[in-house]
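K.L.:
The structure's right below; bear with me while I get my questions together.
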Amino acid sequence: MHTDRSAILSLVASGRITPREAERLLVVAHEGEDTILRLALCLAFVCLLLPQVTNVVTAIGQALVPLLPAIERALLSISGMA
């Protein structure tokens, strides 16, 4: 961030960009760092929670299997294909 900030300020000093443009660039550069941090945190949570999520999805799937014939009949009766 420090080198980005220095480069942006030197562009303002040389007159290549306006202070308003520099402010926008500094905001975007700072948001980019936040985005990388958020992505890293999300990936860490996914890695920690993945086994639990897999177990929950498997349990839901196993609970729904016995209900599939009833769901099929209900959908067929609603659609008028029964």
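Within each chain, counting starts at residue 1; across the structure tokens, chains are named A, B, ... in the order shown, with ligands numbered 1 upward in that order.
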Give me, as a ChimeraX atom specification, all polymer residues having an atom no more than 9 Å from Ala22 (chain A), counting only C-alpha atoms and skipping those fewer than 6 positions away in the same chain.

P.N.:
/A:5,8-9,11-12

K.L.:
In Å, with one decimal, what is the gap from CA of Leu48 (chain A) to CA of Asp34 (chain A)?

P.N.:
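We find that CA of Leu48 (chain A) and CA of Asp34 (chain A) lie 21.2 Å from each other.
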
K.L.:
In Å, how far is it from CA of Ile36 (chain A) to CA of Leu49 (chain A)?

P.N.:
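Going from CA of Ile36 (chain A) over to CA of Leu49 (chain A), I get 20.0 Å.
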
K.L.:
Per DSSP on the backbone, what are the helix (DSSP H, G or I) residues of region 12-44 of chain A, as a list in words?

P.N.:
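The helix (DSSP H, G or I) residues within region 12-44 of chain A come out as Val12, Ala13, Pro19, Arg20, Glu21, Ala22, Glu23, Arg24, Leu25, Leu26, Val27, Val28, Ala29, His30, Glu31, Gly32, Glu33, Asp34, Thr35, Ile36, Leu37, Arg38, Leu39, Ala40, Leu41, Cys42, Leu43 and Ala44 of chain A.
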
K.L.:
Of the candidates A:Thr3, A:Ile17, A:Val53, A:Leu43, which shows the shortest atom-to-atom distance to Ala29 (chain A), using only C-alpha atoms?

P.N.:
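Selected residue with least distance to Ala29 (chain A): A:Thr3.
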